[in-house]
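Data file: structure26.cif. Format and content: mmCIF, C-alpha atoms.
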data_start
loop_
_atom_site.label_atom_id
_atom_site.label_comp_id
_atom_site.auth_asym_id
_atom_site.auth_seq_id
_atom_site.Cartn_x
_atom_site.Cartn_y
_atom_site.Cartn_z
CA MET A 1 77.04 102.81 112.13
CA LYS A 2 77.37 102.11 115.86
CA ASN A 3 79.16 98.79 115.38
CA GLN A 4 80.90 99.27 112.06
CA TRP A 5 83.23 101.80 110.51
CA PHE A 6 81.66 104.41 108.25
CA LYS A 7 84.09 105.91 105.72
CA ASP A 8 83.49 109.17 103.91
CA ASP A 9 85.11 112.28 102.42
CA PHE A 10 84.53 115.83 103.56
CA GLU A 11 84.66 118.06 100.48
CA ALA A 12 86.11 121.40 101.59
CA GLY A 13 86.41 123.30 98.31
CA ASP A 14 89.40 125.58 97.85
CA LEU A 15 91.44 125.56 101.05
CA PRO A 16 93.74 128.51 101.84
CA LEU A 17 96.98 127.20 103.34
CA SER A 18 99.15 128.86 105.95
CA GLY A 19 102.07 129.04 103.52
CA GLY A 20 100.10 131.29 101.18
CA GLU A 21 99.02 128.75 98.57
CA THR A 22 95.54 127.35 98.03
CA LEU A 23 94.76 123.64 97.84
CA HIS A 24 92.04 123.33 95.22
CA ALA A 25 89.08 121.01 95.77
CA ALA A 26 90.47 119.91 99.12
CA ARG A 27 89.15 116.63 100.46
CA LEU A 28 89.44 115.20 103.98
CA HIS A 29 88.98 111.44 104.24
CA TYR A 30 87.74 110.16 107.58
CA HIS A 31 86.44 107.08 109.38
CA GLN A 32 83.69 107.11 112.01
CA ILE A 33 82.32 104.51 114.39
CA GLY A 34 79.68 105.09 117.07
CA GLN A 35 77.11 107.86 117.13
CA LEU A 36 77.18 111.44 118.34
CA ASN A 37 74.89 111.90 121.34
CA ALA A 38 72.29 114.65 121.73
CA PRO A 39 74.51 116.94 123.87
CA LYS A 40 77.26 116.49 121.24
CA ASP A 41 79.88 115.89 123.91
CA ASN A 42 81.04 112.30 123.24
CA LEU A 43 83.31 112.87 120.24
CA ILE A 44 86.80 111.33 120.24
CA LEU A 45 89.27 112.47 117.57
CA LEU A 46 92.15 110.20 116.47
CA PRO A 47 94.30 111.92 113.80
CA THR A 48 96.56 109.67 111.74
CA TYR A 49 100.34 109.23 111.84
CA TYR A 50 103.17 109.33 109.31
CA GLY A 51 102.86 106.61 106.68
CA GLY A 52 99.61 105.34 108.16
CA ALA A 53 96.10 105.02 106.81
CA ALA A 54 93.01 105.69 108.93
CA THR A 55 92.69 101.95 109.58
CA GLY A 56 95.98 102.14 111.48
CA ASN A 57 94.16 103.64 114.47
CA HIS A 58 91.37 101.03 114.51
CA PRO A 59 93.18 98.77 117.05
CA TRP A 60 92.69 101.42 119.75
CA VAL A 61 88.91 101.15 119.37
CA GLY A 62 86.47 98.47 120.52
CA GLU A 63 84.04 97.25 123.11
CA HIS A 64 86.89 96.09 125.37
CA SER A 65 88.66 99.46 125.08
CA PRO A 66 87.86 102.76 126.81
CA LEU A 67 87.39 104.00 123.24
CA ASP A 68 84.12 102.09 123.05
CA PRO A 69 81.84 102.94 120.10
CA ALA A 70 78.83 102.05 122.24
CA ARG A 71 79.66 105.14 124.33
CA TYR A 72 81.59 107.43 121.99
CA CYS A 73 81.50 108.77 118.47
CA ILE A 74 85.04 108.10 117.28
CA VAL A 75 86.41 109.90 114.23
CA ILE A 76 89.74 109.32 112.47
CA PRO A 77 90.71 112.13 110.06
CA ALA A 78 93.47 111.23 107.58
CA LEU A 79 96.47 113.50 107.11
CA LEU A 80 96.63 115.66 104.03
CA GLY A 81 99.24 114.26 101.67
CA ALA A 82 99.19 110.69 103.00
CA GLY A 83 97.18 109.15 100.17
CA GLU A 84 93.59 109.10 101.47
CA SER A 85 92.79 112.79 101.90
CA SER A 86 93.97 115.20 99.16
CA SER A 87 97.51 114.10 98.27
CA PRO A 88 100.07 114.29 95.46
CA SER A 89 99.01 110.83 94.29
CA ASN A 90 95.27 111.53 94.00
CA THR A 91 95.08 115.21 93.08
CA PRO A 92 94.42 115.86 89.38
CA GLY A 93 95.62 118.74 87.27
CA PRO A 94 98.28 121.34 88.05
CA GLN A 95 98.64 120.37 91.75
CA ALA A 96 99.36 116.70 91.07
CA GLY A 97 102.58 114.98 92.08
CA ALA A 98 105.54 117.19 92.83
CA ALA A 99 103.39 120.33 92.39
CA PHE A 100 101.26 119.52 95.44
CA PRO A 101 101.42 122.49 97.85
CA ARG A 102 103.09 122.41 101.26
CA VAL A 103 100.73 121.76 104.16
CA SER A 104 101.31 122.32 107.88
CA LEU A 105 100.03 120.90 111.14
CA TYR A 106 97.90 124.03 111.36
CA ASP A 107 96.40 123.42 107.90
CA ASN A 108 95.49 119.84 108.84
CA VAL A 109 93.87 120.82 112.12
CA MET A 110 91.98 123.76 110.66
CA LEU A 111 90.50 121.44 108.02
CA GLN A 112 89.62 118.92 110.73
CA LYS A 113 88.00 121.77 112.67
CA ARG A 114 85.72 122.39 109.70
CA LEU A 115 84.82 118.69 109.66
CA VAL A 116 83.91 118.77 113.36
CA ASP A 117 81.93 121.98 113.01
CA GLU A 118 80.13 121.25 109.74
CA VAL A 119 79.52 117.50 110.00
CA TYR A 120 79.35 117.05 113.78
CA GLY A 121 77.70 120.35 114.68
CA GLY A 122 80.68 121.84 116.52
CA ALA A 123 80.77 118.91 118.97
CA SER A 124 82.79 119.07 122.17
CA ILE A 125 85.80 116.76 121.88
CA ALA A 126 86.07 114.48 124.91
CA LEU A 127 89.56 113.35 123.85
CA ALA A 128 92.00 114.25 121.08
CA MET A 129 94.48 111.38 120.90
CA GLY A 130 97.27 110.37 118.57
CA TRP A 131 100.60 108.66 118.08
CA SER A 132 103.61 110.34 116.45
CA MET A 133 102.28 112.93 113.97
CA GLY A 134 98.80 112.06 115.24
CA GLY A 135 99.91 113.20 118.68
CA MET A 136 101.34 116.41 117.24
CA GLN A 137 97.92 117.13 115.73
CA ALA A 138 96.21 116.35 119.04
CA LEU A 139 98.47 118.88 120.77
CA GLN A 140 97.76 121.41 118.01
CA TRP A 141 94.03 120.89 118.61
CA GLY A 142 94.45 121.49 122.33
CA SER A 143 96.51 124.61 121.75
CA LEU A 144 94.18 126.22 119.19
CA PHE A 145 90.82 125.17 120.65
CA PRO A 146 91.03 124.78 124.44
CA ASP A 147 87.32 125.55 124.80
CA GLN A 148 86.37 122.66 122.51
CA VAL A 149 88.88 119.96 123.53
CA ARG A 150 88.43 118.51 127.01
CA SER A 151 91.52 116.25 127.15
CA VAL A 152 94.61 115.38 125.08
CA LEU A 153 96.69 112.19 124.87
CA ALA A 154 99.87 112.35 122.81
CA THR A 155 102.09 109.26 122.49
CA CYS A 156 105.65 109.20 121.15
CA CYS A 157 105.65 112.80 119.97
CA THR A 158 106.52 116.37 120.85
CA ALA A 159 104.76 119.63 120.08
CA ARG A 160 107.33 120.51 117.44
CA CYS A 161 109.97 118.73 115.41
CA HIS A 162 113.12 119.30 117.46
CA PRO A 163 116.52 119.73 115.71
CA HIS A 164 117.85 116.15 115.87
CA ASN A 165 114.47 114.87 114.65
CA ARG A 166 114.79 117.16 111.62
CA VAL A 167 118.27 115.77 110.90
CA PHE A 168 116.95 112.18 111.04
CA LEU A 169 114.30 113.14 108.47
CA GLU A 170 116.93 114.69 106.21
CA GLY A 171 118.62 111.28 106.10
CA VAL A 172 115.58 109.28 105.02
CA LYS A 173 114.63 112.02 102.55
CA ALA A 174 118.09 111.87 100.97
CA ALA A 175 117.89 108.08 100.65
CA LEU A 176 114.68 108.41 98.64
CA THR A 177 115.51 111.40 96.46
CA CYS A 178 118.95 110.07 95.44
CA ASP A 179 117.27 107.47 93.24
CA GLN A 180 117.98 108.58 89.64
CA ASN A 181 114.39 107.66 88.73
CA PHE A 182 112.97 110.11 91.27
CA LEU A 183 113.44 113.00 88.80
CA ASP A 184 112.72 115.72 91.38
CA GLY A 185 109.30 114.18 91.99
CA HIS A 186 108.34 113.96 88.30
CA TYR A 187 108.92 110.20 88.09
CA ARG A 188 107.13 108.18 85.42
CA LYS A 189 107.47 104.96 87.38
CA PRO A 190 107.94 104.49 91.15
CA PRO A 191 111.54 105.13 92.30
CA LEU A 192 111.76 101.65 93.84
CA ARG A 193 115.45 101.76 94.75
CA GLY A 194 114.88 105.01 96.61
CA LEU A 195 111.80 103.64 98.36
CA ARG A 196 113.73 100.55 99.47
CA ALA A 197 116.60 102.68 100.74
CA PHE A 198 114.16 104.96 102.57
CA ALA A 199 112.60 101.92 104.27
CA ARG A 200 115.91 100.42 105.40
CA VAL A 201 117.21 103.67 106.83
CA TYR A 202 113.90 104.38 108.55
CA ALA A 203 113.72 100.93 110.18
CA GLY A 204 116.97 101.60 112.02
CA TRP A 205 115.41 104.68 113.63
CA ALA A 206 111.86 103.45 114.23
CA TYR A 207 112.98 100.79 116.69
CA SER A 208 115.69 101.10 119.34
CA GLN A 209 119.11 99.62 119.96
CA ALA A 210 117.54 97.48 122.70
CA PHE A 211 114.89 96.20 120.27
CA PHE A 212 117.61 94.70 118.10
CA ARG A 213 119.88 93.68 120.98
CA HIS A 214 117.09 91.68 122.59
CA GLU A 215 115.81 90.34 119.24
CA ARG A 216 112.34 91.79 119.74
CA TRP A 217 111.79 91.40 116.00
CA ARG A 218 111.05 87.75 116.81
CA ASP A 219 107.92 88.98 118.64
CA LEU A 220 106.71 90.24 115.25
CA GLY A 221 107.15 86.82 113.66
CA PHE A 222 110.42 87.51 111.81
CA ASP A 223 113.27 84.99 111.92
CA SER A 224 116.00 87.55 111.19
CA ILE A 225 116.72 91.26 111.00
CA GLU A 226 116.93 90.90 107.24
CA ALA A 227 113.37 89.54 107.14
CA LEU A 228 112.19 92.59 109.10
CA LEU A 229 113.98 94.92 106.69
CA ARG A 230 112.47 93.17 103.67
CA PHE A 231 109.03 93.66 105.24
CA TRP A 232 109.74 97.40 105.53
CA GLU A 233 110.93 97.45 101.91
CA ASP A 234 107.79 95.71 100.67
CA ASP A 235 105.58 98.09 102.63
CA HIS A 236 107.27 101.22 101.31
CA GLN A 237 107.35 100.04 97.71
CA GLY A 238 103.56 100.25 97.85
CA GLN A 239 103.64 103.90 98.90
CA ASP A 240 103.90 106.98 96.72
CA ALA A 241 107.21 108.85 96.98
CA ASN A 242 105.67 112.32 96.69
CA ASN A 243 103.12 111.45 99.38
CA LEU A 244 105.90 110.36 101.72
CA LEU A 245 107.84 113.56 101.11
CA THR A 246 104.80 115.85 101.46
CA VAL A 247 103.91 114.47 104.89
CA LEU A 248 107.59 114.34 105.86
CA ASP A 249 107.74 118.07 105.18
CA THR A 250 104.64 118.63 107.35
CA TRP A 251 106.40 116.69 110.13
CA GLN A 252 109.79 118.33 109.64
CA GLN A 253 108.31 121.83 109.78
CA GLY A 254 105.86 120.84 112.50
CA ASP A 255 105.49 123.36 115.32
CA ILE A 256 102.21 124.08 117.13
CA SER A 257 103.18 127.76 117.41
CA ASP A 258 103.86 128.20 113.68
CA ASN A 259 100.52 129.76 112.80
CA PRO A 260 98.71 133.13 112.82
CA VAL A 261 97.43 132.53 116.36
CA PHE A 262 100.80 132.18 118.13
CA CYS A 263 103.18 133.65 115.51
CA GLY A 264 106.06 131.42 116.62
CA ASN A 265 105.65 131.91 120.37
CA TYR A 266 106.20 128.28 121.37
CA ARG A 267 105.90 128.86 125.10
CA ALA A 268 102.52 130.57 124.61
CA ALA A 269 101.26 127.76 122.36
CA LEU A 270 102.12 125.16 125.02
CA ALA A 271 100.61 127.26 127.79
CA ALA A 272 97.34 127.43 125.84
CA ILE A 273 96.86 123.65 126.27
CA THR A 274 94.88 124.10 129.47
CA MET A 275 92.91 120.82 129.53
CA PRO A 276 94.17 117.61 131.24
CA THR A 277 96.94 116.31 128.98
CA ARG A 278 99.01 113.16 129.00
CA MET A 279 102.38 113.06 127.22
CA MET A 280 103.57 109.47 126.76
CA PRO A 281 106.98 109.32 125.07
CA GLY A 282 108.83 106.06 124.56
CA ALA A 283 111.86 105.57 126.82
CA THR A 284 113.92 104.34 123.85
CA ASP A 285 112.44 106.56 121.09
CA LEU A 286 115.36 107.81 119.02
CA TYR A 287 113.78 110.92 117.49
CA PHE A 288 110.72 111.98 119.52
CA THR A 289 112.81 111.65 122.64
CA ALA A 290 111.53 111.40 126.20
CA THR A 291 113.77 114.34 127.14
CA ASP A 292 112.20 116.62 124.53
CA ALA A 293 108.70 115.47 125.47
CA ALA A 294 109.42 116.17 129.15
CA LEU A 295 110.53 119.71 128.34
CA ASP A 296 107.27 120.26 126.43
CA ALA A 297 105.17 118.78 129.23
CA GLN A 298 106.75 121.12 131.79
CA GLN A 299 105.21 124.07 129.93
CA ILE A 300 101.68 122.59 129.57
CA PRO A 301 99.69 123.61 132.66
CA LYS A 302 97.87 120.31 133.32
CA ALA A 303 100.22 117.88 131.62
CA GLN A 304 101.33 114.60 133.11
CA LEU A 305 104.38 112.81 131.71
CA ASP A 306 104.21 109.00 131.58
CA VAL A 307 107.19 107.39 129.86
CA LEU A 308 106.54 104.08 128.10
CA PRO A 309 109.25 101.70 129.44
CA SER A 310 109.62 99.77 126.20
CA ASP A 311 112.43 98.42 124.03
CA TRP A 312 110.33 99.13 120.95
CA GLY A 313 111.56 102.67 120.38
CA HIS A 314 109.18 104.97 118.53
CA ILE A 315 106.91 102.07 117.58
CA ALA A 316 105.90 101.46 121.21
CA GLY A 317 103.07 104.01 121.32
CA GLY A 318 101.28 103.06 118.11
CA ALA A 319 97.85 101.47 118.02
CA GLY A 320 98.10 97.69 118.26
CA ARG A 321 101.89 97.66 118.05
CA GLU A 322 103.33 96.55 121.40
CA PRO A 323 100.88 94.99 123.90
CA LEU A 324 102.31 96.32 127.17
CA SER A 325 102.54 99.87 125.84
CA GLN A 326 99.05 99.62 124.33
CA HIS A 327 97.69 98.65 127.76
CA GLN A 328 99.39 101.67 129.34
CA VAL A 329 98.17 104.03 126.61
CA LEU A 330 94.57 102.85 126.86
CA ALA A 331 94.66 103.09 130.65
CA ALA A 332 95.69 106.73 130.24
CA ALA A 333 92.84 107.27 127.75
CA ASP A 334 90.41 105.78 130.26
CA SER A 335 91.65 108.13 132.97
CA LEU A 336 91.40 111.19 130.72
CA LEU A 337 87.90 110.28 129.53
CA ALA A 338 86.78 109.92 133.14
CA CYS A 339 88.23 113.33 133.83
CA SER A 340 86.59 114.89 130.77
CA ALA A 341 83.20 113.47 131.79
CA LEU A 342 83.36 115.65 134.92
CA THR A 343 83.95 118.89 132.99
#
Target format structure tokens, applied to this file:
Amino acid sequence: MKNQWFKDDFEAGDLPLSGGETLHAARLHYHQIGQLNAPKDNLILLPTYYGGAATGNHPWVGEHSPLDPARYCIVIPALLGAGESSSPSNTPGPQAGAAFPRVSLYDNVMLQKRLVDEVYGGASIALAMGWSMGGMQALQWGSLFPDQVRSVLATCCTARCHPHNRVFLEGVKAALTCDQNFLDGHYRKPPLRGLRAFARVYAGWAYSQAFFRHERWRDLGFDSIEALLRFWEDDHQGQDANNLLTVLDTWQQGDISDNPVFCGNYRAALAAITMPTRMMPGATDLYFTATDAALDAQQIPKAQLDVLPSDWGHIAGGAGREPLSQHQVLAAADSLLACSALT
């Protein structure tokens, strides 16, 4: 297990959700590499991002990374609704498809908390780290469990979905649901036109104006913008529409204070993140903006703001996406892990 990924499911039974519903036979899929030490203080948690599988975080991990499985037990829990953990596409019976219940950031983190407590013996978390929605979950972890989390690294995200971000998501959602084959989520075959439209609209937001101006798509091996867009179309045609919309709703309603602990007091939720924290927004991110991230960081007691100076927009902070940003992100992880080793 030390040198290879172990993949498993945590069976949680009936899971009460913050919205009042219950997710029946809830299942949390996760990947692990490395072993938990005897003091149970070398756990690193890497929650997943929107549209991504657990393997999407693998590029952050390795012997040449500060996230070295020879030193740390590294766990990647997959978002509810994204297709690996309990989701519209894999849930049988009355909660299948469009009937899948709404889930929140809080619901995801509370289920992950059970995983850490029941499978890893309540281990101390040396670092909670994530990109995009993964970063939102890392901040939620720090806010809810400051005695268990020793450091937080959040790239290209904020602690809640700010208003313009919500409007962006309304646009991609409309592109998908306007497909006449979507049938309010009760489709008999994939709404491919809607999925293709969703992908094309999303691609214009995921990167930045500078990315296209400077033809950075060539760095990805594409010979034209159209080739990049077709790649996005192909990728999204392989995804389930209800899964995309379920996790989009989690993102759109995302707010680390929207739970029974903070009851909507956003300032208090940020102030509760008392461990060393690094916020790393992208300078050209169009929806998790550096301005919004800076305002969040100002209210986190030990937060440091490091802006990724990249043309790659939101994509800059993802695992294995843009080499210069990846180097900066992993250097921050190294610094935080050194700090957490002293606590």
Run the PyMOL selection byres ((chain A and resi 59-72) around 6) against the file shown and list the residues it catches, as a list of chain:residue names. A:Ile33, A:Gly34, A:Asn42, A:Leu43, A:Asn57, A:His58, A:Cys73, A:Ile74, A:Ala319, A:Gly320, A:Asp334
With a distance cut-off of 9 Å and only C-alpha atoms, select the neighbouring residues of Gly282 in chain A, excluding the residue or stretch itself and same-chain residues fewer than 4 positions from it, and output the selection as a compact mmCIF listing (two decimals) with C-alpha atoms, keeping the file's coordinate frame.
# COMPACT_ATOMS: atom_id res chain seq x y z
CA THR A 155 102.09 109.26 122.49
CA CYS A 156 105.65 109.20 121.15
CA CYS A 157 105.65 112.80 119.97
CA LEU A 286 115.36 107.81 119.02
CA PHE A 288 110.72 111.98 119.52
CA THR A 289 112.81 111.65 122.64
CA ALA A 290 111.53 111.40 126.20
CA ASP A 306 104.21 109.00 131.58
CA VAL A 307 107.19 107.39 129.86
CA LEU A 308 106.54 104.08 128.10
CA PRO A 309 109.25 101.70 129.44
CA SER A 310 109.62 99.77 126.20
CA ASP A 311 112.43 98.42 124.03
CA TRP A 312 110.33 99.13 120.95
CA GLY A 313 111.56 102.67 120.38
CA HIS A 314 109.18 104.97 118.53
CA ILE A 315 106.91 102.07 117.58
CA ALA A 316 105.90 101.46 121.21
CA GLY A 317 103.07 104.01 121.32
CA SER A 325 102.54 99.87 125.84
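For the pair CA of Ala174 in chain A and CA of Leu229 in chain A, the interatomic distance is 18.4 Å.
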For the file shown, report as a VMD selection string the outcome of the PyMOL selection byres ((chain A and resi 113) around 12) at residue level. chain A and resid 10 12 28 45 47 77 106 to 112 114 to 125 128 137 to 138 140 to 142 144 to 145 148 to 149
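Across the structure, CA of Trp5 in chain A and CA of Asp235 in chain A are spaced 24.0 Å apart.
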If you count only C-alpha atoms, which residues fall within 8 Å of Asn242 in chain A, apart from same-chain ones fewer than 6 positions away, as JSON, numbers by chain? {"A": [88, 89, 97, 98, 185]}
With C-alpha atoms retained, could you export that selection as a CSV table (one decimal), keeping the file's coordinate frame?
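Result went into selection.csv, see below:
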chain,number,residue,atom,x,y,z
A,88,PRO,CA,100.1,114.3,95.5
A,89,SER,CA,99.0,110.8,94.3
A,97,GLY,CA,102.6,115.0,92.1
A,98,ALA,CA,105.5,117.2,92.8
A,185,GLY,CA,109.3,114.2,92.0
Run the PyMOL selection byres ((chain A and resi 333) around 9) mentally over the shown coordinates, then write out the matched residues as a PyMOL selection string, using the chain letters and numbers from the document. chain A and resi 66-67+127+129+152-153+278+328-332+334-338
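The closest residue to Gly20 in chain A, picked from A:Ile256, A:Ala206, A:Ala159, A:Val103 and counting all atoms listed in the file, is A:Val103.
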From the options A:Glu215, A:Thr274, A:Leu220, A:Phe231, which residue's atoms come nearest to Pro323 in chain A, counting only C-alpha atoms?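 When distances to Pro323 in chain A are compared using only C-alpha atoms, the smallest one comes from A:Leu220.
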